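Data from start-v8.cif: mmCIF, C-alpha atoms (C1' of nucleotides)
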data_query
loop_
_atom_site.label_atom_id
_atom_site.label_comp_id
_atom_site.auth_asym_id
_atom_site.auth_seq_id
_atom_site.Cartn_x
_atom_site.Cartn_y
_atom_site.Cartn_z
CA MET X 28 0.00 0.00 0.00
CA ASN X 29 2.48 2.56 1.07
CA ALA X 30 4.96 1.64 -1.59
CA ALA X 31 3.78 1.22 -5.11
CA VAL X 32 4.94 3.82 -7.47
CA GLY X 33 4.18 1.92 -10.60
CA GLU X 34 5.21 2.70 -14.14
CA ARG X 35 8.26 4.75 -14.87
CA SER X 36 11.05 2.41 -14.20
CA PRO X 37 13.52 3.89 -11.72
CA LEU X 38 16.16 3.17 -14.32
CA THR X 39 15.06 5.99 -16.54
CA VAL X 40 15.70 8.82 -14.09
CA PRO X 41 16.88 11.47 -16.47
CA GLU X 42 18.10 14.28 -14.26
CA GLY X 43 16.28 14.79 -10.99
CA VAL X 44 13.10 15.72 -12.74
CA ASP X 45 11.79 12.28 -12.14
CA GLU X 46 12.56 12.47 -8.49
CA ARG X 47 10.10 15.28 -8.23
CA TRP X 48 7.58 13.35 -10.23
CA VAL X 49 7.81 10.49 -7.81
CA THR X 50 7.31 12.70 -4.82
CA SER X 51 4.38 14.48 -6.40
CA ASP X 52 2.95 11.11 -7.12
CA ARG X 53 3.29 10.03 -3.56
CA ILE X 54 1.70 13.23 -2.34
CA GLY X 55 -1.25 12.68 -4.60
CA LEU X 56 -1.68 9.13 -3.46
CA GLN X 57 -1.47 10.11 0.17
CA LEU X 58 -3.99 12.86 -0.26
CA ILE X 59 -6.43 10.46 -1.80
CA ARG X 60 -5.88 7.94 0.89
CA LEU X 61 -6.20 10.44 3.70
CA ILE X 62 -9.32 12.05 2.37
CA ARG X 63 -11.11 8.84 1.68
CA LEU X 64 -10.29 7.64 5.15
CA ILE X 65 -11.60 10.71 6.86
CA GLU X 66 -14.73 10.75 4.76
CA ARG X 67 -15.33 7.26 5.95
CA GLN X 68 -14.95 8.23 9.57
CA ARG X 69 -17.38 10.99 9.00
CA VAL X 70 -20.03 8.64 7.73
CA ILE X 71 -19.51 6.30 10.62
CA LYS X 72 -19.88 9.10 13.06
CA ALA X 73 -22.66 10.90 11.28
CA LYS X 74 -25.58 9.66 13.27
CA LYS X 75 -25.86 11.40 16.58
CA GLU X 76 -26.14 15.14 17.11
CA GLY X 77 -29.00 17.16 15.79
CA VAL X 78 -27.22 19.56 13.53
CA GLU X 79 -25.83 18.77 10.16
CA ARG X 80 -22.24 17.80 10.63
CA ALA X 81 -21.18 19.94 7.75
CA ALA X 82 -22.46 22.97 9.56
CA TYR X 83 -19.96 22.62 12.34
CA VAL X 84 -17.19 23.95 10.26
CA LEU X 85 -19.11 27.19 10.03
CA LEU X 86 -19.66 27.28 13.73
CA ALA X 87 -15.95 26.72 14.15
CA ARG X 88 -15.23 29.63 11.94
CA LEU X 89 -17.55 31.91 13.83
CA VAL X 90 -16.17 30.90 17.17
CA ILE X 91 -12.57 31.20 16.16
CA GLU X 92 -12.66 34.25 13.98
CA GLY X 93 -15.70 36.08 15.24
CA PRO X 94 -18.84 37.27 13.43
CA HIS X 95 -19.01 37.05 9.67
CA ARG X 96 -21.48 37.83 6.99
CA SER X 97 -22.97 34.82 5.35
CA ASN X 98 -21.29 35.37 2.05
CA ALA X 99 -17.93 36.03 3.60
CA LEU X 100 -18.28 32.80 5.45
CA ALA X 101 -19.05 30.96 2.25
CA GLU X 102 -15.98 32.32 0.63
CA ALA X 103 -13.83 31.52 3.61
CA VAL X 104 -14.75 27.87 3.54
CA HIS X 105 -14.88 27.62 -0.24
CA SER X 106 -18.55 26.78 -0.34
CA ASP X 107 -21.48 28.09 -2.27
CA PRO X 108 -23.48 30.82 -0.52
CA SER X 109 -26.61 28.73 -0.86
CA THR X 110 -25.01 25.85 0.97
CA VAL X 111 -23.87 28.10 3.75
CA SER X 112 -27.23 29.75 3.93
CA ARG X 113 -28.96 26.48 4.67
CA GLN X 114 -26.37 25.35 7.13
CA ILE X 115 -26.56 28.61 8.97
CA ALA X 116 -30.32 28.39 9.06
CA ALA X 117 -29.96 25.06 10.80
CA LEU X 118 -27.49 26.45 13.28
CA VAL X 119 -29.74 29.37 14.01
CA LYS X 120 -32.68 27.08 14.54
CA VAL X 121 -30.91 25.10 17.19
CA GLY X 122 -29.59 28.25 18.73
CA PHE X 123 -25.89 27.88 18.13
CA VAL X 124 -25.71 30.94 15.96
CA GLU X 125 -27.57 34.23 15.99
CA ARG X 126 -28.13 36.88 13.39
CA ARG X 127 -27.41 40.48 14.15
CA PRO X 128 -27.91 43.48 11.96
CA ASP X 129 -24.75 44.57 10.25
CA PRO X 130 -24.08 48.19 11.10
CA ALA X 131 -22.09 48.60 7.94
CA ASP X 132 -24.82 47.48 5.58
CA GLY X 133 -28.52 47.47 6.24
CA ARG X 134 -29.44 44.52 4.11
CA ALA X 135 -26.70 42.26 5.40
CA CYS X 136 -26.61 40.57 8.74
CA LEU X 137 -23.77 39.43 10.87
CA LEU X 138 -23.66 35.88 12.09
CA ALA X 139 -22.22 35.18 15.48
CA ALA X 140 -21.91 32.12 17.66
CA THR X 141 -24.09 32.18 20.73
CA ALA X 142 -22.88 31.16 24.15
CA GLU X 143 -24.43 27.78 23.54
CA GLY X 144 -22.68 27.61 20.19
CA HIS X 145 -19.39 28.28 21.89
CA ARG X 146 -20.06 25.59 24.39
CA VAL X 147 -21.00 22.96 21.85
CA PHE X 148 -18.10 23.78 19.65
CA ALA X 149 -15.65 23.63 22.52
CA ALA X 150 -16.93 20.22 23.48
CA ASN X 151 -16.55 18.94 19.95
CA ARG X 152 -13.20 20.46 19.62
CA ASP X 153 -11.99 18.74 22.72
CA LEU X 154 -13.33 15.46 21.50
CA ARG X 155 -11.63 15.86 18.19
CA ASN X 156 -8.40 16.88 19.77
CA ARG X 157 -8.45 13.94 22.07
CA TRP X 158 -8.97 11.72 19.09
CA ILE X 159 -6.08 13.25 17.21
CA SER X 160 -3.87 13.06 20.26
CA ASP X 161 -4.81 9.45 20.50
CA VAL X 162 -4.00 8.67 16.93
CA THR X 163 -0.64 10.34 17.27
CA SER X 164 0.04 9.20 20.78
CA ASP X 165 3.38 7.68 19.89
CA TRP X 166 4.60 10.66 17.90
CA ASP X 167 6.94 13.10 19.41
CA GLU X 168 5.78 16.65 19.48
CA THR X 169 8.31 17.87 16.94
CA ASP X 170 6.93 15.57 14.28
CA ARG X 171 3.41 16.61 15.02
CA GLU X 172 4.40 20.20 14.64
CA ARG X 173 6.27 19.47 11.47
CA LEU X 174 3.22 17.76 10.07
CA VAL X 175 0.90 20.59 10.82
CA ASP X 176 3.32 23.20 9.53
CA LEU X 177 3.74 21.39 6.27
CA MET X 178 0.04 20.75 5.91
CA ASP X 179 -0.65 24.38 6.54
CA ARG X 180 1.90 25.37 4.00
CA PHE X 181 0.55 22.95 1.47
CA THR X 182 -3.05 23.99 1.90
CA THR X 183 -2.11 27.61 1.69
CA ALA X 184 -0.21 26.94 -1.50
CA LEU X 185 -3.28 25.20 -2.83
CA GLU X 186 -5.46 28.14 -1.95
CA ASN X 187 -3.19 30.56 -3.65
CA HIS X 188 -2.63 28.44 -6.69
CA HIS X 189 -4.92 29.69 -9.38
CA GLU X 190 -8.24 28.16 -8.44
CA SER X 191 -9.10 28.08 -12.08
CA ASP X 192 -6.73 25.44 -13.36
CA ALA X 193 -7.85 22.83 -10.90
CA THR X 194 -6.56 19.52 -12.07
CA GLY X 195 -5.63 16.36 -10.45
CA VAL X 196 -6.26 14.75 -7.15
CA GLU X 197 -9.95 14.64 -7.49
CA GLU X 198 -9.53 13.01 -10.82
CA ASP X 199 -8.87 9.63 -9.36
CA ARG X 200 -9.89 9.30 -5.87
CA MET J 20 -7.00 32.28 8.68
CA ASN J 21 -3.90 30.32 9.37
CA ALA J 22 -3.59 31.42 12.93
CA ALA J 23 -6.58 31.34 15.18
CA VAL J 24 -6.31 28.92 17.99
CA GLY J 25 -9.03 30.43 20.08
CA GLU J 26 -9.92 29.69 23.66
CA ARG J 27 -7.49 28.29 26.18
CA SER J 28 -5.34 31.22 27.00
CA PRO J 29 -1.69 30.40 26.42
CA LEU J 30 -1.09 31.58 29.94
CA THR J 31 -2.63 28.53 31.49
CA VAL J 32 -0.18 25.99 30.09
CA PRO J 33 0.00 23.55 32.97
CA GLU J 34 2.78 21.17 32.05
CA GLY J 35 3.23 20.44 28.37
CA VAL J 36 -0.13 18.78 28.15
CA ASP J 37 -1.60 21.87 26.69
CA GLU J 38 1.10 22.11 24.14
CA ARG J 39 -0.10 18.83 22.72
CA TRP J 40 -3.67 20.05 22.82
CA VAL J 41 -2.75 23.05 20.75
CA THR J 42 -0.95 20.98 18.16
CA SER J 43 -3.80 18.51 17.93
CA ASP J 44 -6.09 21.43 17.48
CA ARG J 45 -4.03 22.79 14.67
CA ILE J 46 -3.90 19.41 13.00
CA GLY J 47 -7.66 19.13 13.13
CA LEU J 48 -8.13 22.58 11.70
CA GLN J 49 -5.69 21.92 8.92
CA LEU J 50 -7.32 18.65 8.04
CA ILE J 51 -10.66 20.34 7.72
CA ARG J 52 -9.24 23.11 5.65
CA LEU J 53 -7.35 20.80 3.36
CA ILE J 54 -10.21 18.43 2.79
CA ARG J 55 -12.74 21.10 2.13
CA LEU J 56 -10.42 22.70 -0.36
CA ILE J 57 -9.78 19.53 -2.27
CA GLU J 58 -13.45 18.66 -2.32
CA ARG J 59 -14.02 22.01 -3.88
CA GLN J 60 -11.46 21.41 -6.55
CA ARG J 61 -13.07 18.13 -7.28
CA VAL J 62 -16.40 19.72 -7.92
CA ILE J 63 -14.89 22.34 -10.15
CA LYS J 64 -13.14 19.72 -12.15
CA ALA J 65 -15.96 17.20 -12.18
CA LYS J 66 -17.39 17.92 -15.57
CA LYS J 67 -15.35 16.33 -18.29
CA GLU J 68 -14.49 12.64 -18.59
CA GLY J 69 -17.06 9.94 -19.03
CA VAL J 70 -16.46 7.82 -16.00
CA GLU J 71 -17.52 8.64 -12.52
CA ARG J 72 -14.65 10.47 -10.94
CA ALA J 73 -14.91 8.45 -7.80
CA ALA J 74 -14.18 5.33 -9.77
CA TYR J 75 -10.70 6.46 -10.64
CA VAL J 76 -9.40 5.63 -7.24
CA LEU J 77 -10.29 2.03 -7.92
CA LEU J 78 -8.61 2.10 -11.26
CA ALA J 79 -5.56 3.53 -9.55
CA ARG J 80 -5.56 0.73 -7.11
CA LEU J 81 -5.79 -1.90 -9.80
CA VAL J 82 -3.05 -0.36 -11.85
CA ILE J 83 -0.70 0.11 -8.95
CA GLU J 84 -1.31 -3.02 -6.98
CA GLY J 85 -2.57 -5.41 -9.60
CA PRO J 86 -5.79 -7.41 -9.78
CA HIS J 87 -8.13 -7.50 -6.82
CA ARG J 88 -11.40 -9.04 -5.95
CA SER J 89 -14.22 -6.61 -5.70
CA ASN J 90 -14.67 -6.97 -1.99
CA ALA J 91 -10.98 -6.71 -1.31
CA LEU J 92 -10.95 -3.53 -3.27
CA ALA J 93 -13.81 -2.17 -1.23
CA GLU J 94 -11.99 -2.87 1.94
CA ALA J 95 -8.79 -1.38 0.66
CA VAL J 96 -10.40 1.92 -0.09
CA HIS J 97 -12.71 1.86 2.91
CA SER J 98 -15.84 1.85 0.84
CA ASP J 99 -18.95 -0.25 0.86
CA PRO J 100 -18.94 -3.26 -1.48
CA SER J 101 -22.08 -1.99 -3.14
CA THR J 102 -20.44 1.30 -3.97
CA VAL J 103 -17.44 -0.41 -5.42
CA SER J 104 -19.60 -2.80 -7.36
CA ARG J 105 -21.31 0.01 -9.18
CA GLN J 106 -18.14 1.90 -9.82
CA ILE J 107 -16.45 -1.17 -11.18
CA ALA J 108 -19.42 -1.82 -13.41
CA ALA J 109 -18.94 1.60 -14.89
CA LEU J 110 -15.24 1.03 -15.40
CA VAL J 111 -15.91 -2.28 -17.07
CA LYS J 112 -18.47 -0.72 -19.33
CA VAL J 113 -16.03 1.83 -20.65
CA GLY J 114 -13.37 -0.83 -20.94
CA PHE J 115 -10.88 0.39 -18.34
CA VAL J 116 -11.25 -2.71 -16.24
CA GLU J 117 -11.93 -6.32 -17.07
CA ARG J 118 -13.20 -9.23 -15.06
CA ARG J 119 -11.35 -12.49 -14.99
CA PRO J 120 -12.24 -15.67 -13.24
CA ASP J 121 -10.47 -16.07 -9.95
CA PRO J 122 -8.60 -19.36 -9.97
CA ALA J 123 -8.71 -19.48 -6.20
CA ASP J 124 -12.46 -19.20 -5.87
CA GLY J 125 -14.98 -19.99 -8.54
CA ARG J 126 -17.65 -17.57 -7.50
CA ALA J 127 -15.35 -14.59 -7.21
CA CYS J 128 -13.79 -12.75 -10.07
CA LEU J 129 -10.60 -10.83 -10.31
CA LEU J 130 -10.66 -7.29 -11.52
CA ALA J 131 -7.79 -6.01 -13.54
CA ALA J 132 -7.03 -2.82 -15.39
CA THR J 133 -6.98 -3.18 -19.15
CA ALA J 134 -4.33 -1.65 -21.33
CA GLU J 135 -6.70 1.19 -21.98
CA GLY J 136 -7.23 1.54 -18.26
CA HIS J 137 -3.51 1.79 -17.72
CA ARG J 138 -3.26 4.42 -20.38
CA VAL J 139 -6.06 6.56 -19.00
CA PHE J 140 -4.81 6.29 -15.50
CA ALA J 141 -1.28 7.19 -16.48
CA ALA J 142 -2.53 10.27 -18.25
CA ASN J 143 -4.52 11.34 -15.23
CA ARG J 144 -1.69 10.61 -12.94
CA ASP J 145 0.65 12.77 -14.94
CA LEU J 146 -1.86 15.55 -14.93
CA ARG J 147 -2.28 15.32 -11.22
CA ASN J 148 1.42 15.17 -10.61
CA ARG J 149 2.02 18.17 -12.74
CA TRP J 150 -0.57 20.00 -10.74
CA ILE J 151 1.01 19.03 -7.45
CA SER J 152 4.45 19.92 -8.70
CA ASP J 153 3.02 23.24 -9.71
CA VAL J 154 1.49 23.93 -6.36
CA THR J 155 4.73 23.09 -4.63
CA SER J 156 7.00 24.58 -7.21
CA ASP J 157 8.81 26.73 -4.68
CA TRP J 158 9.31 23.95 -2.16
CA ASP J 159 12.55 22.21 -1.90
CA GLU J 160 12.45 18.50 -2.37
CA THR J 161 13.29 17.73 1.24
CA ASP J 162 10.18 19.46 2.48
CA ARG J 163 8.02 17.73 -0.04
CA GLU J 164 9.39 14.43 1.07
CA ARG J 165 8.93 15.33 4.68
CA LEU J 166 5.33 16.23 4.00
CA VAL J 167 4.54 13.01 2.25
CA ASP J 168 6.30 10.92 4.86
CA LEU J 169 4.38 12.54 7.65
CA MET J 170 1.11 12.31 5.82
CA ASP J 171 1.72 8.68 5.15
CA ARG J 172 2.52 8.10 8.76
CA PHE J 173 -0.52 9.96 9.91
CA THR J 174 -2.90 8.20 7.58
CA THR J 175 -1.48 4.85 8.53
CA ALA J 176 -1.93 5.69 12.18
CA LEU J 177 -5.49 6.62 11.40
CA GLU J 178 -6.09 3.35 9.65
CA ASN J 179 -4.71 1.36 12.49
CA HIS J 180 -6.46 3.34 15.14
CA HIS J 181 -9.50 1.39 16.13
CA GLU J 182 -11.99 2.22 13.42
CA SER J 183 -14.71 1.83 15.98
CA ASP J 184 -14.12 4.85 18.15
CA ALA J 185 -14.26 7.28 15.29
CA THR J 186 -14.62 10.69 16.78
CA GLY J 187 -13.60 14.06 15.77
CA VAL J 188 -12.60 15.76 12.63
CA GLU J 189 -15.78 15.08 10.79
CA GLU J 190 -17.67 16.54 13.69
CA ASP J 191 -17.11 20.07 12.58
CA ARG J 192 -16.02 20.34 9.09
"C1'" DG U 2 -25.26 -34.25 -3.02
"C1'" DT U 3 -27.00 -30.79 -0.02
"C1'" DG U 4 -27.09 -27.20 3.13
"C1'" DC U 5 -24.64 -23.11 3.75
"C1'" DA U 6 -21.52 -19.57 3.69
"C1'" DT U 7 -20.01 -16.15 0.75
"C1'" DA U 8 -19.22 -12.90 -3.58
"C1'" DG U 9 -21.36 -9.73 -5.56
"C1'" DT U 10 -25.57 -6.99 -7.30
"C1'" DT U 11 -29.66 -4.29 -6.97
"C1'" DG U 12 -33.26 -1.37 -4.59
"C1'" DT U 13 -33.63 2.55 -1.91
"C1'" DA U 14 -32.63 6.49 0.74
"C1'" DC U 15 -29.80 10.17 2.30
"C1'" DC U 16 -26.51 13.71 2.73
"C1'" DG U 17 -24.05 17.46 1.13
"C1'" DA U 18 -23.15 20.48 -2.34
"C1'" DA U 19 -23.88 23.37 -6.53
"C1'" DC U 20 -26.36 26.01 -9.89
"C1'" DA U 21 -29.87 29.04 -11.05
"C1'" DA U 22 -33.55 31.85 -10.28
"C1'" DG U 23 -35.97 34.70 -7.14
"C1'" DC U 24 -36.90 38.16 -3.53
"C1'" DG U 25 -36.42 42.13 -1.01
"C1'" DA U 26 -34.20 45.83 0.71
"C1'" DT U 27 -30.56 49.71 -0.28
"C1'" DT U 28 -28.06 52.48 -2.12
"C1'" DG U 29 -27.11 55.98 -5.19
"C1'" DT U 30 -28.49 58.92 -9.01
"C1'" DA U 31 -31.64 61.85 -11.57
"C1'" DT M 16 -38.37 62.03 -4.16
"C1'" DA M 17 -38.62 58.45 -7.21
"C1'" DC M 18 -36.61 54.88 -9.76
"C1'" DA M 19 -33.18 51.77 -11.34
"C1'" DA M 20 -29.55 48.89 -10.58
"C1'" DT M 21 -27.14 46.33 -7.19
"C1'" DC M 22 -26.33 43.50 -3.52
"C1'" DG M 23 -27.17 39.92 0.19
"C1'" DC M 24 -29.37 36.16 0.95
"C1'" DT M 25 -32.79 32.30 0.32
"C1'" DT M 26 -35.39 28.78 -2.07
"C1'" DG M 27 -36.18 25.26 -5.87
"C1'" DT M 28 -34.08 21.72 -8.06
"C1'" DT M 29 -30.68 18.48 -9.40
"C1'" DC M 30 -26.79 15.59 -9.00
"C1'" DG M 31 -22.95 12.87 -7.34
"C1'" DG M 32 -21.47 9.69 -4.09
"C1'" DT M 33 -22.22 6.82 -0.53
"C1'" DA M 34 -24.27 3.45 2.74
"C1'" DC M 35 -27.54 -0.02 4.31
"C1'" DA M 36 -30.27 -3.83 3.50
"C1'" DA M 37 -32.24 -7.34 0.95
"C1'" DC M 38 -31.48 -10.48 -2.58
"C1'" DT M 39 -29.25 -13.88 -6.01
"C1'" DA M 40 -26.51 -17.37 -7.24
"C1'" DT M 41 -22.54 -20.13 -7.11
"C1'" DG M 42 -19.40 -23.05 -5.65
"C1'" DC M 43 -17.49 -24.83 -1.08
"C1'" DA M 44 -17.16 -28.21 2.24
"C1'" DC M 45 -18.79 -31.88 4.71
#

Representation of the structure as structure tokens:
Amino acid sequence: MNAAVGERSPLTVPEGVDERWVTSDRIGLQLIRLIRLIERQRVIKAKKEGVERAAYVLLARLVIEGPHRSNALAEAVHSDPSTVSRQIAALVKVGFVERRPDPADGRACLLAATAEGHRVFAANRDLRNRWISDVTSDWDETDRERLVDLMDRFTTALENHHESDATGVEEDR
Amino acid sequence: MNAAVGERSPLTVPEGVDERWVTSDRIGLQLIRLIRLIERQRVIKAKKEGVERAAYVLLARLVIEGPHRSNALAEAVHSDPSTVSRQIAALVKVGFVERRPDPADGRACLLAATAEGHRVFAANRDLRNRWISDVTSDWDETDRERLVDLMDRFTTALENHHESDATGVEEDR
DNA sequence: GTGCATAGTTGTACCGAACAAGCGATTGTA
DNA sequence: TACAATCGCTTGTTCGGTACAACTATGCAC
């Protein structure tokens, strides 16, 4: 599983170019593997709780970064405004988020996490963190930090990389 | 965006425990961010090509690791057999995969990528790799390798970690 | 040879997301 | 002050991808 590069005999190796190809390949494969795995976990877990699981990411955003407009939120999480709108509606209904008028623009409204929203999010966050700590229990802290730094860097690179020419990973997951 | 730890004043820091909490927290946040972003790319890209995009991961598996039984494949990619069955059917229909009798068990059949399947996959793989190389064009190779090694390690840890107690990341993405 | 386990398929439902069209309120201009 | 264009958000609809559950059928093993 972990190995498997396939094709491209290692004999060819013209001049370092191929080395990069191989690493890119491995990155792609790992991304696919990781994402599929986490999606799976999601589905396993997706039974309890009243609110749509997908909505939690919005709650997280509101808790961590403070009030946002709906559209800004959508952009921040790379979702469609309509999607966010529905998710927010659900969060409002259960009282985790509240709408306030936006002083800057009369027709907009600011979304903010309620006290209850904060509480719920914190609980979930702790759960998640415990889980991650568990999974990485035999890692030393330096490696964990290295991982997160590199992931951050990678994701940021992805975000900055012209969104238009999207090609790749999704193609064969 | 990148920062934002929220809660838990850094002043508290009892005895290193909290340091781990913070890192776990960052990992969780990064996972969410990364996954959401890639999902988005997928949707953007998901227009051309005849075969279900999700099926490509199976093709990849068959090309890289050789023939599999359908159920084995399902397990390998953490999907339901029914899902895989349908996806394979699609791949067979377009001629990227073929069924062969399994010598070891008469009622099973082995799935294998056809020559055409190999070709299509290779093309996609190159595309994907070019994209990844692009995104990381200003990284030095060592960092790219570090990233992939850590990701691999993390995903493997995830896989090994009792699938039963799934908790966390999916909770608020 | 005969139950019986097992490999795989099909029916159905659901979730999450996107696209597109609509609605209403605002702002800014005549 | 009135009207048009814009903007922020919501609703209608569709689709992809998946899982669960029930079913079929085939060869295994005793």

Find the residue from U:DA31, U:DA18, U:DA6, U:DC24 that sits nearest to chain X; use all atoms listed in the file when measuring.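 Looking only at the distances to chain X, the closest residue turns out to be U:DA18.
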
Chain X near chain M within 8 Å: what's each residue's closest atom pair and its distance in Å to one decimal, counting all atoms listed in the file, ordered by chain then ascending residue number, as a tab-separated table?
residue	atom	partner	partner_atom	distance
X:Ser97	CA	M:DC24	C1'	7.9
X:Asn98	CA	M:DG23	C1'	7.7
X:Ser109	CA	M:DT25	C1'	7.2
X:Ser112	CA	M:DT25	C1'	7.1
X:Arg134	CA	M:DG23	C1'	6.5
X:Ala135	CA	M:DG23	C1'	5.7

Could you list, as a list in words, every residue of chain U that has an atom within 8 Å of an atom of chain X, counting only C-alpha atoms (C1' of nucleotides)?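 So the residues of chain U near chain X are DG17, DA18, DA19, DA26 and DT27 of chain U.
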
Name the closest residue to chain X among the candidates J:His97, J:Arg165, J:Arg45, J:Arg147; distances are taken between atoms, counting only C-alpha atoms.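 Of J:His97, J:Arg165, J:Arg45, J:Arg147, the one nearest chain X, counting only C-alpha atoms, is J:Arg147.
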
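Note that CA of Ala101 (chain X) and CA of Ile63 (chain J) are 15.7 Å apart.
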